[in-house]
>>> print(open('structure-v3.csv').read())   # CSV, C-alpha atoms
chain,number,residue,atom,x,y,z
E,1,MET,CA,-13.9,-39.2,-7.4
E,2,ASN,CA,-15.1,-38.4,-4.0
E,3,ASP,CA,-11.7,-36.8,-3.3
E,4,ILE,CA,-11.9,-34.5,-6.2
E,5,VAL,CA,-15.4,-33.3,-5.3
E,6,ARG,CA,-14.3,-32.6,-1.8
E,7,MET,CA,-11.3,-30.6,-3.0
E,8,VAL,CA,-13.5,-28.5,-5.3
E,9,VAL,CA,-16.1,-27.9,-2.6
E,10,VAL,CA,-13.5,-26.9,0.1
E,11,LEU,CA,-11.6,-24.6,-2.2
E,12,CYS,CA,-14.9,-22.9,-3.4
E,13,LEU,CA,-16.1,-22.5,0.2
E,14,ILE,CA,-12.8,-20.9,1.3
E,15,ALA,CA,-12.8,-18.6,-1.7
E,16,GLY,CA,-16.4,-17.7,-1.1
E,17,VAL,CA,-15.9,-16.9,2.6
E,18,SER,CA,-12.8,-14.9,1.7
E,19,SER,CA,-14.5,-12.8,-0.9
E,20,ALA,CA,-17.4,-12.1,1.5
E,21,ALA,CA,-15.0,-11.0,4.2
E,22,LEU,CA,-13.2,-8.7,1.7
E,23,THR,CA,-16.4,-7.2,0.5
E,24,VAL,CA,-17.5,-6.4,4.0
E,25,ALA,CA,-14.1,-4.8,4.8
E,26,HIS,CA,-14.2,-2.7,1.7
E,27,VAL,CA,-17.8,-1.5,2.2
E,28,GLN,CA,-17.2,-0.8,5.9
E,29,LEU,CA,-13.9,1.1,5.5
E,30,GLY,CA,-14.6,2.7,2.1
E,31,PRO,CA,-15.7,6.1,3.4
E,32,GLN,CA,-12.7,6.2,5.8
E,33,MET,CA,-10.3,5.4,3.0
E,34,GLU,CA,-12.0,8.2,0.9
E,35,LYS,CA,-11.4,10.7,3.7
E,36,GLN,CA,-7.7,9.8,4.0
E,37,THR,CA,-7.4,10.1,0.2
E,38,ASP,CA,-8.9,13.5,0.4
E,39,LEU,CA,-6.5,14.5,3.1
E,40,TYR,CA,-3.3,13.2,1.6
E,41,ILE,CA,-3.8,13.0,-2.1
E,42,ARG,CA,-6.6,15.3,-3.3
E,43,GLY,CA,-5.6,18.0,-0.8
E,44,PRO,CA,-2.1,18.5,-2.2
E,45,ALA,CA,-3.4,18.0,-5.8
E,46,LEU,CA,-5.9,20.8,-5.3
E,47,GLU,CA,-3.3,23.0,-3.7
E,48,ARG,CA,-1.3,22.7,-6.9
E,49,LEU,CA,-4.2,23.2,-9.2
E,50,PHE,CA,-5.8,26.1,-7.4
E,51,GLY,CA,-2.8,27.7,-5.7
E,52,LYS,CA,-4.7,27.9,-2.4
E,53,PRO,CA,-4.3,25.9,0.8
E,54,ALA,CA,-6.0,22.6,0.8
E,55,LYS,CA,-8.2,23.4,3.8
E,56,GLU,CA,-10.0,26.2,1.9
E,57,VAL,CA,-10.8,24.1,-1.2
E,58,LEU,CA,-11.4,20.6,0.1
E,59,ASN,CA,-14.9,21.4,1.2
E,60,ASN,CA,-15.8,23.1,-2.0
E,61,LYS,CA,-17.1,19.9,-3.5
E,62,VAL,CA,-20.2,19.2,-5.6
E,63,VAL,CA,-21.1,15.9,-7.1
E,64,VAL,CA,-22.9,15.9,-10.5
E,65,HIS,CA,-25.0,12.8,-11.0
E,66,LEU,CA,-25.0,11.4,-14.5
E,67,PRO,CA,-27.0,8.4,-15.5
E,68,ASP,CA,-24.0,6.1,-15.5
E,69,GLN,CA,-21.7,7.7,-12.9
E,70,ASP,CA,-21.2,10.4,-10.2
E,71,VAL,CA,-18.6,13.0,-11.0
E,72,PRO,CA,-17.0,14.7,-8.1
E,73,ILE,CA,-16.0,18.3,-8.8
E,74,PHE,CA,-14.0,20.7,-6.7
E,75,PHE,CA,-14.1,24.5,-7.3
E,76,SER,CA,-12.3,27.6,-6.3
E,77,ARG,CA,-13.8,31.1,-6.1
E,78,ASP,CA,-12.1,34.3,-7.1
E,79,GLY,CA,-14.2,36.8,-5.1
E,80,GLU,CA,-17.8,35.8,-5.7
E,81,LYS,CA,-17.3,34.2,-9.1
E,82,VAL,CA,-16.3,30.6,-9.6
E,83,SER,CA,-12.9,30.9,-11.3
E,84,SER,CA,-11.7,27.3,-11.6
E,85,LEU,CA,-12.8,23.7,-11.4
E,86,ALA,CA,-11.1,20.4,-10.8
E,87,VAL,CA,-13.0,17.6,-12.3
E,88,GLU,CA,-12.3,14.0,-11.3
E,89,ALA,CA,-12.4,11.3,-14.0
E,90,ILE,CA,-11.6,7.7,-14.6
E,91,GLY,CA,-9.0,7.1,-17.3
E,92,LYS,CA,-10.1,3.8,-18.6
E,93,GLY,CA,-7.6,1.1,-19.7
E,94,GLY,CA,-4.4,1.8,-17.9
E,95,PHE,CA,-1.9,-1.0,-17.8
E,96,GLY,CA,-2.7,-2.0,-14.2
E,97,GLY,CA,-6.4,-1.0,-14.2
E,98,ASP,CA,-8.2,2.3,-14.4
E,99,LEU,CA,-6.5,5.6,-13.4
E,100,LYS,CA,-8.3,8.2,-11.3
E,101,ILE,CA,-7.2,11.6,-12.4
E,102,MET,CA,-8.2,15.2,-11.8
E,103,VAL,CA,-8.2,17.8,-14.5
E,104,GLY,CA,-8.0,21.5,-13.5
E,105,ILE,CA,-10.0,23.9,-15.6
E,106,ASP,CA,-9.6,27.7,-15.6
E,107,LEU,CA,-13.0,29.0,-16.4
E,108,ASN,CA,-11.9,32.6,-17.1
E,109,ALA,CA,-9.3,31.7,-19.7
E,110,GLY,CA,-11.2,28.7,-21.0
E,111,LEU,CA,-8.1,26.5,-20.7
E,112,THR,CA,-7.0,23.6,-18.6
E,113,ASN,CA,-4.5,24.4,-15.9
E,114,GLY,CA,-3.1,21.0,-15.0
E,115,MET,CA,-3.7,17.3,-14.4
E,116,GLU,CA,-3.2,15.4,-11.2
E,117,VAL,CA,-3.3,11.7,-10.5
E,118,VAL,CA,-5.5,10.6,-7.6
E,119,SER,CA,-4.9,6.9,-7.7
E,120,HIS,CA,-3.3,4.4,-10.1
E,121,SER,CA,-1.8,1.0,-10.0
E,122,GLU,CA,0.7,1.2,-12.8
E,123,THR,CA,4.1,-0.4,-13.0
E,124,PRO,CA,6.7,1.3,-10.9
E,125,GLY,CA,9.4,2.9,-13.1
E,126,LEU,CA,7.2,2.8,-16.2
E,127,GLY,CA,3.5,3.8,-15.9
E,128,ALA,CA,3.9,5.0,-12.4
E,129,ARG,CA,6.0,7.9,-13.8
E,130,ILE,CA,2.7,9.5,-14.6
E,131,VAL,CA,2.8,11.2,-11.3
E,132,GLU,CA,6.0,13.0,-12.3
E,133,PRO,CA,5.6,16.7,-13.2
E,134,GLY,CA,7.4,16.3,-16.4
E,135,PHE,CA,4.6,14.5,-18.1
E,136,ARG,CA,1.8,16.3,-16.4
E,137,ARG,CA,3.2,19.7,-17.3
E,138,GLN,CA,1.8,19.1,-20.8
E,139,TRP,CA,-1.7,19.7,-19.4
E,140,GLN,CA,-1.0,23.4,-18.9
E,141,GLY,CA,-3.1,25.7,-21.1
E,142,LEU,CA,-4.8,23.2,-23.4
E,143,SER,CA,-8.0,24.4,-25.1
E,144,LEU,CA,-11.3,23.1,-23.7
E,145,GLU,CA,-12.8,22.9,-27.2
E,146,THR,CA,-10.6,20.3,-28.9
E,147,PRO,CA,-10.0,16.8,-27.6
E,148,ILE,CA,-6.4,16.0,-26.9
E,149,ALA,CA,-4.4,13.0,-28.3
E,150,LEU,CA,-1.0,11.4,-28.0
E,151,THR,CA,1.6,12.4,-30.6
E,152,LYS,CA,1.4,8.9,-32.2
E,153,ASP,CA,-2.3,9.6,-32.9
E,154,GLY,CA,-1.5,13.0,-34.3
E,155,GLY,CA,-2.0,15.0,-31.1
E,156,THR,CA,0.3,17.0,-28.9
E,157,ILE,CA,0.8,14.9,-25.8
E,158,ASP,CA,4.2,13.1,-25.7
E,159,SER,CA,3.6,9.8,-24.0
E,160,ILE,CA,5.8,8.5,-21.2
E,161,SER,CA,8.4,6.3,-22.9
E,162,GLY,CA,7.6,2.6,-22.3
E,163,ALA,CA,4.1,3.4,-21.0
E,164,SER,CA,1.9,4.5,-23.9
E,165,THR,CA,-1.0,2.5,-22.4
E,166,THR,CA,-0.9,4.6,-19.2
E,167,SER,CA,-0.5,7.8,-21.2
E,168,GLY,CA,-3.4,6.8,-23.3
E,169,ALA,CA,-5.6,6.2,-20.3
E,170,ALA,CA,-4.8,9.7,-19.0
E,171,VAL,CA,-5.7,11.2,-22.3
E,172,ARG,CA,-9.0,9.3,-22.5
E,173,GLY,CA,-9.8,10.5,-19.0
E,174,THR,CA,-9.0,14.1,-19.9
E,175,ASN,CA,-11.2,14.0,-23.0
E,176,GLU,CA,-14.1,12.7,-20.9
E,177,VAL,CA,-13.6,15.7,-18.6
E,178,LEU,CA,-13.5,18.1,-21.5
E,179,LEU,CA,-16.6,16.7,-23.0
E,180,PHE,CA,-18.3,16.6,-19.6
E,181,VAL,CA,-17.5,20.3,-18.9
E,182,ARG,CA,-18.6,21.4,-22.3
E,183,ASP,CA,-22.0,19.6,-22.0
E,184,HIS,CA,-22.7,20.2,-18.3
E,185,LYS,CA,-21.1,23.6,-17.5
E,186,ASP,CA,-24.4,25.1,-16.6
E,187,ASP,CA,-25.4,22.2,-14.4
E,188,ILE,CA,-22.1,22.4,-12.5
E,189,LEU,CA,-22.4,26.2,-11.9
E,190,LYS,CA,-26.0,25.7,-10.9
E,191,SER,CA,-25.2,23.1,-8.3
E,192,ILE,CA,-22.3,25.2,-7.0
E,193,SER,CA,-24.6,28.2,-6.6
E,194,GLU,CA,-27.1,26.1,-4.8
E,195,LEU,CA,-24.5,25.0,-2.2
X,1,MET,CA,-0.7,-27.7,25.8
X,2,ALA,CA,0.4,-25.5,28.8
X,3,GLU,CA,3.9,-26.8,28.7
X,4,LYS,CA,4.2,-25.9,25.0
X,5,PHE,CA,2.9,-22.4,25.5
X,6,LEU,CA,6.0,-20.6,26.9
X,7,PRO,CA,8.6,-22.2,24.6
X,8,THR,CA,6.4,-21.5,21.6
X,9,LEU,CA,5.8,-17.9,22.6
X,10,THR,CA,9.5,-17.2,23.2
X,11,ALA,CA,10.8,-19.2,20.2
X,12,GLY,CA,10.0,-16.5,17.7
X,13,TRP,CA,11.9,-13.9,19.8
X,14,TRP,CA,15.2,-15.6,19.7
X,15,ARG,CA,15.5,-19.3,18.9
X,16,ARG,CA,13.8,-18.8,15.5
X,17,ILE,CA,13.7,-15.1,15.1
X,18,PRO,CA,13.2,-14.1,11.5
X,19,PRO,CA,15.1,-13.0,9.4
X,20,PHE,CA,18.2,-13.8,11.4
X,21,ARG,CA,17.6,-17.4,12.6
X,22,LEU,CA,14.8,-18.3,10.3
X,23,VAL,CA,16.4,-16.9,7.2
X,24,LEU,CA,13.1,-16.2,5.5
X,25,GLY,CA,11.4,-13.0,4.5
X,26,LEU,CA,14.7,-11.3,3.5
X,27,CYS,CA,13.2,-9.4,0.6
X,28,PRO,CA,11.0,-7.0,2.6
X,29,SER,CA,13.7,-6.9,5.3
X,30,LEU,CA,16.1,-5.4,2.7
X,31,ALA,CA,13.6,-3.3,0.9
X,32,VAL,CA,11.4,-1.4,3.4
X,33,THR,CA,13.8,-0.8,6.4
X,34,MET,CA,14.9,2.7,5.3
X,35,SER,CA,13.5,3.9,8.6
X,36,ALA,CA,12.6,2.5,12.0
X,37,GLU,CA,8.9,3.5,11.4
X,38,ASN,CA,8.7,1.7,8.0
X,39,GLY,CA,10.3,-1.4,9.5
X,40,MET,CA,7.9,-1.5,12.4
X,41,GLY,CA,4.9,-0.9,10.2
X,42,MET,CA,5.9,-3.7,7.9
X,43,GLY,CA,6.7,-6.0,10.8
X,44,LEU,CA,3.4,-5.3,12.6
X,45,ALA,CA,1.4,-5.9,9.4
X,46,THR,CA,3.2,-9.2,8.9
X,47,ALA,CA,2.6,-10.1,12.5
X,48,PHE,CA,-1.1,-9.4,12.2
X,49,VAL,CA,-1.4,-11.6,9.0
X,50,LEU,CA,0.8,-14.3,10.5
X,51,THR,CA,-1.2,-14.6,13.7
X,52,LEU,CA,-4.6,-14.7,12.0
X,53,SER,CA,-3.5,-16.9,9.1
X,54,ASN,CA,-2.0,-19.5,11.6
X,55,LEU,CA,-5.3,-19.4,13.5
X,56,ALA,CA,-7.4,-19.8,10.4
X,57,ILE,CA,-5.3,-22.5,8.8
X,58,SER,CA,-4.9,-24.6,11.9
X,59,SER,CA,-8.6,-24.5,12.6
X,60,MET,CA,-9.2,-25.8,9.1
X,61,ARG,CA,-6.3,-28.2,9.0
X,62,ASN,CA,-8.5,-31.3,9.2
X,63,VAL,CA,-10.9,-30.0,6.5
X,64,ILE,CA,-8.5,-28.9,3.8
X,65,PRO,CA,-7.5,-31.8,1.5
X,66,SER,CA,-3.8,-32.2,1.4
X,67,LYS,CA,-3.6,-32.0,-2.4
X,68,VAL,CA,-5.0,-28.4,-2.5
X,69,ARG,CA,-3.6,-27.2,0.8
X,70,ILE,CA,-1.1,-24.7,-0.6
X,71,ALA,CA,-3.8,-23.1,-2.8
X,72,SER,CA,-6.1,-22.9,0.3
X,73,TYR,CA,-3.3,-21.3,2.4
X,74,ILE,CA,-2.7,-18.8,-0.3
X,75,ILE,CA,-6.3,-17.8,-0.5
X,76,ILE,CA,-6.6,-17.4,3.2
X,77,ILE,CA,-3.3,-15.4,3.5
X,78,ALA,CA,-4.2,-13.2,0.5
X,79,THR,CA,-7.6,-12.3,2.0
X,80,LEU,CA,-5.9,-11.3,5.3
X,81,VAL,CA,-3.3,-9.3,3.5
X,82,SER,CA,-5.9,-7.5,1.5
X,83,ILE,CA,-7.8,-6.7,4.7
X,84,VAL,CA,-4.5,-5.3,6.3
X,85,GLU,CA,-4.0,-3.2,3.2
X,86,ILE,CA,-7.6,-1.8,3.5
X,87,LEU,CA,-7.1,-1.1,7.2
X,88,MET,CA,-3.7,0.6,6.6
X,89,LYS,CA,-5.2,2.7,3.8
X,90,ALA,CA,-8.1,3.7,6.1
X,91,TYR,CA,-6.0,4.6,9.2
X,92,PHE,CA,-2.3,4.8,8.4
X,93,PHE,CA,-2.4,6.3,4.9
X,94,PRO,CA,1.1,7.8,4.7
X,95,LEU,CA,2.7,4.6,6.0
X,96,ALA,CA,0.7,2.6,3.4
X,97,GLN,CA,2.0,4.8,0.7
X,98,GLN,CA,5.6,4.4,2.0
X,99,LEU,CA,5.4,0.7,2.0
X,100,GLY,CA,3.6,0.6,-1.3
X,101,ILE,CA,3.9,-2.7,-3.1
X,102,TYR,CA,5.4,-4.5,-0.1
X,103,ILE,CA,2.1,-4.7,1.7
X,104,PRO,CA,0.4,-6.8,-1.0
X,105,LEU,CA,3.6,-8.8,-1.3
X,106,ILE,CA,3.2,-10.1,2.3
X,107,VAL,CA,1.1,-12.8,0.5
X,108,VAL,CA,4.2,-14.4,-0.9
X,109,ASN,CA,6.3,-13.8,2.2
X,110,CYS,CA,8.0,-17.1,2.9
X,111,ILE,CA,7.6,-16.7,6.7
X,112,VAL,CA,3.8,-16.7,6.5
X,113,LEU,CA,3.6,-19.7,4.2
X,114,GLY,CA,6.5,-21.4,6.1
X,115,ARG,CA,4.7,-21.1,9.5
X,116,ALA,CA,1.4,-22.3,7.9
X,117,GLU,CA,3.0,-25.3,6.4
X,118,GLY,CA,5.5,-26.0,9.1
X,119,PHE,CA,3.5,-25.3,12.2
X,120,ALA,CA,-0.1,-24.5,11.8
X,121,SER,CA,-0.9,-27.5,9.6
X,122,LYS,CA,0.2,-29.8,12.4
X,123,ASN,CA,-0.8,-28.1,15.6
X,124,PRO,CA,-4.1,-27.1,17.3
X,125,PRO,CA,-5.4,-23.5,16.7
X,126,PHE,CA,-4.5,-21.8,20.0
X,127,ILE,CA,-0.8,-22.8,20.0
X,128,SER,CA,-0.6,-22.0,16.3
X,129,MET,CA,-1.8,-18.6,17.0
X,130,VAL,CA,0.8,-18.2,19.7
X,131,ASP,CA,3.4,-19.3,17.3
X,132,GLY,CA,2.3,-16.9,14.6
X,133,PHE,CA,2.2,-14.0,17.1
X,134,SER,CA,5.6,-14.9,18.4
X,135,VAL,CA,7.3,-15.2,15.0
X,136,GLY,CA,5.4,-12.1,13.8
X,137,THR,CA,6.4,-9.9,16.6
X,138,GLY,CA,10.0,-11.3,16.4
X,139,TYR,CA,10.0,-10.2,12.8
X,140,ALA,CA,8.6,-6.8,13.7
X,141,MET,CA,11.4,-6.4,16.3
X,142,SER,CA,14.1,-7.4,13.8
X,143,LEU,CA,12.8,-5.0,11.2
X,144,THR,CA,12.6,-2.2,13.7
X,145,LEU,CA,16.2,-2.9,14.7
X,146,ILE,CA,17.4,-3.0,11.2
X,147,GLY,CA,15.4,0.2,10.4
X,148,SER,CA,16.7,1.9,13.5
X,149,ILE,CA,20.3,1.2,12.7
X,150,ARG,CA,19.9,2.4,9.1
X,151,GLU,CA,18.0,5.4,10.1
X,152,ILE,CA,20.2,6.5,12.9
X,153,PHE,CA,23.4,6.2,11.1
X,154,GLY,CA,22.1,6.9,7.6
X,155,ALA,CA,19.9,9.9,8.3
X,156,GLY,CA,20.7,10.9,11.8
X,157,THR,CA,17.2,10.5,13.0
X,158,TRP,CA,15.2,7.8,14.9
X,159,PHE,CA,11.4,7.6,14.3
X,160,GLY,CA,11.8,11.1,12.7
X,161,MET,CA,13.5,12.6,15.8
X,162,ARG,CA,17.0,14.0,15.5
X,163,VAL,CA,19.5,12.0,17.6
X,164,PHE,CA,22.8,13.7,16.5
X,165,SER,CA,23.9,17.3,16.5
X,166,ASP,CA,24.4,19.1,13.2
X,167,SER,CA,28.1,18.3,13.2
X,168,PHE,CA,27.3,14.6,12.5
X,169,GLU,CA,27.4,13.8,8.8
X,170,PRO,CA,25.0,10.9,8.1
X,171,MET,CA,26.3,8.0,6.0
X,172,SER,CA,23.5,8.3,3.5
X,173,PHE,CA,24.5,5.1,1.7
X,174,LEU,CA,23.0,3.2,4.6
X,175,VAL,CA,19.5,4.2,3.7
X,176,SER,CA,20.0,3.1,0.1
X,177,ALA,CA,19.9,-0.5,-1.0
X,178,PRO,CA,23.6,-1.5,-0.4
X,179,GLY,CA,23.3,-0.3,3.1
X,180,ALA,CA,20.5,-2.8,3.7
X,181,PHE,CA,22.7,-5.7,2.7
X,182,LEU,CA,25.5,-4.4,4.8
X,183,THR,CA,23.4,-3.9,7.9
X,184,ILE,CA,21.6,-7.3,7.7
X,185,GLY,CA,24.9,-9.1,6.9
X,186,THR,CA,26.6,-7.5,9.9
X,187,LEU,CA,23.7,-8.3,12.2
X,188,LEU,CA,23.6,-11.9,11.0
X,189,ALA,CA,27.4,-12.2,11.6
X,190,LEU,CA,27.1,-10.8,15.1
X,191,GLN,CA,24.2,-13.1,15.9
X,192,ASN,CA,26.2,-16.1,14.6
X,193,LEU,CA,29.3,-15.0,16.6
X,194,PHE,CA,27.2,-14.7,19.7
X,195,SER,CA,25.5,-18.1,19.3
X,196,ARG,CA,28.9,-19.7,18.8
X,197,TRP,CA,30.4,-18.0,21.8
X,198,SER,CA,27.5,-19.0,24.0
X,199,GLY,CA,27.7,-22.6,22.7
X,200,GLU,CA,24.2,-22.7,21.2
X,201,LYS,CA,23.4,-25.4,18.7
X,202,PHE,CA,23.1,-23.9,15.2
X,203,ILE,CA,19.7,-24.1,13.6
X,204,GLN,CA,20.8,-22.7,10.3
X,205,GLY,CA,23.4,-24.6,8.3
>>> encode(input="structure-v3.csv", output="structure tokens")
Amino acid sequence: MNDIVRMVVVLCLIAGVSSAALTVAHVQLGPQMEKQTDLYIRGPALERLFGKPAKEVLNNKVVVHLPDQDVPIFFSRDGEKVSSLAVEAIGKGGFGGDLKIMVGIDLNAGLTNGMEVVSHSETPGLGARIVEPGFRRQWQGLSLETPIALTKDGGTIDSISGASTTSGAAVRGTNEVLLFVRDHKDDILKSISEL
Amino acid sequence: MAEKFLPTLTAGWWRRIPPFRLVLGLCPSLAVTMSAENGMGMGLATAFVLTLSNLAISSMRNVIPSKVRIASYIIIIATLVSIVEILMKAYFFPLAQQLGIYIPLIVVNCIVLGRAEGFASKNPPFISMVDGFSVGTGYAMSLTLIGSIREIFGAGTWFGMRVFSDSFEPMSFLVSAPGAFLTIGTLLALQNLFSRWSGEKFIQG
């Protein structure tokens, strides 16, 4: 009996100390990781969405605070007017956890102009193919007014074969962005003009 | 203690250098050594984990009940690997992306568990740390060597610098998976030949 108690206690202690160490590392290095992600992932993604060098647009960032989450938004100006936005969103329910995606929005045309994946932990060869342009190309020129859906749900987005869960998560994330932009467009433009 | 220090320190660099003598950890050796830089990054990450895990495990060797020792080792190793992953993502992001899934997979690397079970669980902390450092740096050297051979002949570069003139046609199959088997096999054969020639006692069967 004594042995079993000792086993449980020792294992629990080790696990506790380990998770404490991990939490500290994550909290301490989180901002630095964020910076690197900006440089190597968000930068190239913004270059593709806005067609401008990353240096010009990486600092064009506002964060809109919603009651349940903070939404980072990048924007690009065409002259004085804000011409396009890139809104980051969480695509809930991917196969290996949530996806972090960025949806480009062309404000002049009122259409989307692309989708980029910021981070994911999907299966290589299946869900991880979400980063390939072939799938993401379908996000060109979608209307901002109607929510999108996969073909199996009667929509227009062809899912990646063998990875409908991942595709579904991307679609959910996008719909969140569309809804968010529709509801908060004025807030976004206001916080950009206050910058 | 002092008389054990030097032999332990040098053992990992030749007498039980992984993956050639201690034929463990072959999976990452085959998978990530497309270039010298990747090999070295992977090797150093493993060395870091190995040194600290040996230290941690051997300082707790009298506390951990033997029935749950493997579980405890895995928790300790997994924590260290996650910390390495966070560190790499924070400071060496492109390398972390290149190595991808192989960084988290250090957890199940047989070298780390093998040294924990075979050395750290029986020896005091300091000497275990030396052993971890030595085997880890030995592994880093091997991976850098394999990566260098594959990169130089497979891509014509070394750590990204050009080594051959344009007339050299790189054997690009060396940087793909079959090239890894060929390179490691050849190196293993050479090492065995050398050991036989110099009359060393074989450690591996």
>>> interface_residues(input="structure-v3.csv", of="chain X", to="chain E", cutoff="7 Å", atoms="only C-alpha atoms", output="VMD selection string")
chain X and resid 64 to 65 68 72 75 to 76 79 83 86 89 to 90 93
>>> residues_around(input="structure-v3.csv", residues="stretch 191-193 of chain E", least_positions_apart="4", cutoff="8 Å", atoms="all atoms listed in the file", output="MDAnalysis selection string")
chainID E and resid 62 64 187
>>> residues_around(input="structure-v3.csv", residues="X:Gly154", least_positions_apart="4", cutoff="7 Å", atoms="only C-alpha atoms", output="mmCIF file with C-alpha atoms, in the coordinates of the input")
data_model
loop_
_atom_site.group_PDB
_atom_site.id
_atom_site.type_symbol
_atom_site.label_atom_id
_atom_site.label_comp_id
_atom_site.auth_asym_id
_atom_site.auth_seq_id
_atom_site.Cartn_x
_atom_site.Cartn_y
_atom_site.Cartn_z
ATOM 1 C CA ARG X 150 19.900 2.400 9.100
ATOM 2 C CA PRO X 170 25.000 10.900 8.100
ATOM 3 C CA MET X 171 26.300 8.000 6.000
ATOM 4 C CA SER X 172 23.500 8.300 3.500
ATOM 5 C CA PHE X 173 24.500 5.100 1.700
ATOM 6 C CA LEU X 174 23.000 3.200 4.600
ATOM 7 C CA VAL X 175 19.500 4.200 3.700
#
>>> atom_distance(input="structure-v3.csv", atom1="atom CA of E:Ser167", atom2="atom CA of E:Arg182")
22.7 Å
>>> residues_around(input="structure-v3.csv", residues="E:Val57", least_positions_apart="6", cutoff="10 Å", atoms="all atoms listed in the file", output="compact mmCIF listing (two decimals) with C-alpha atoms, in the frame of the given file")
# COMPACT_ATOMS: atom_id res chain seq x y z
CA ARG E 42 -6.60 15.30 -3.30
CA GLY E 43 -5.60 18.00 -0.80
CA LEU E 46 -5.90 20.80 -5.30
CA GLU E 47 -3.30 23.00 -3.70
CA PHE E 50 -5.80 26.10 -7.40
CA GLY E 51 -2.80 27.70 -5.70
CA PHE E 74 -14.00 20.70 -6.70
CA PHE E 75 -14.10 24.50 -7.30
CA SER E 76 -12.30 27.60 -6.30
CA ARG E 77 -13.80 31.10 -6.10
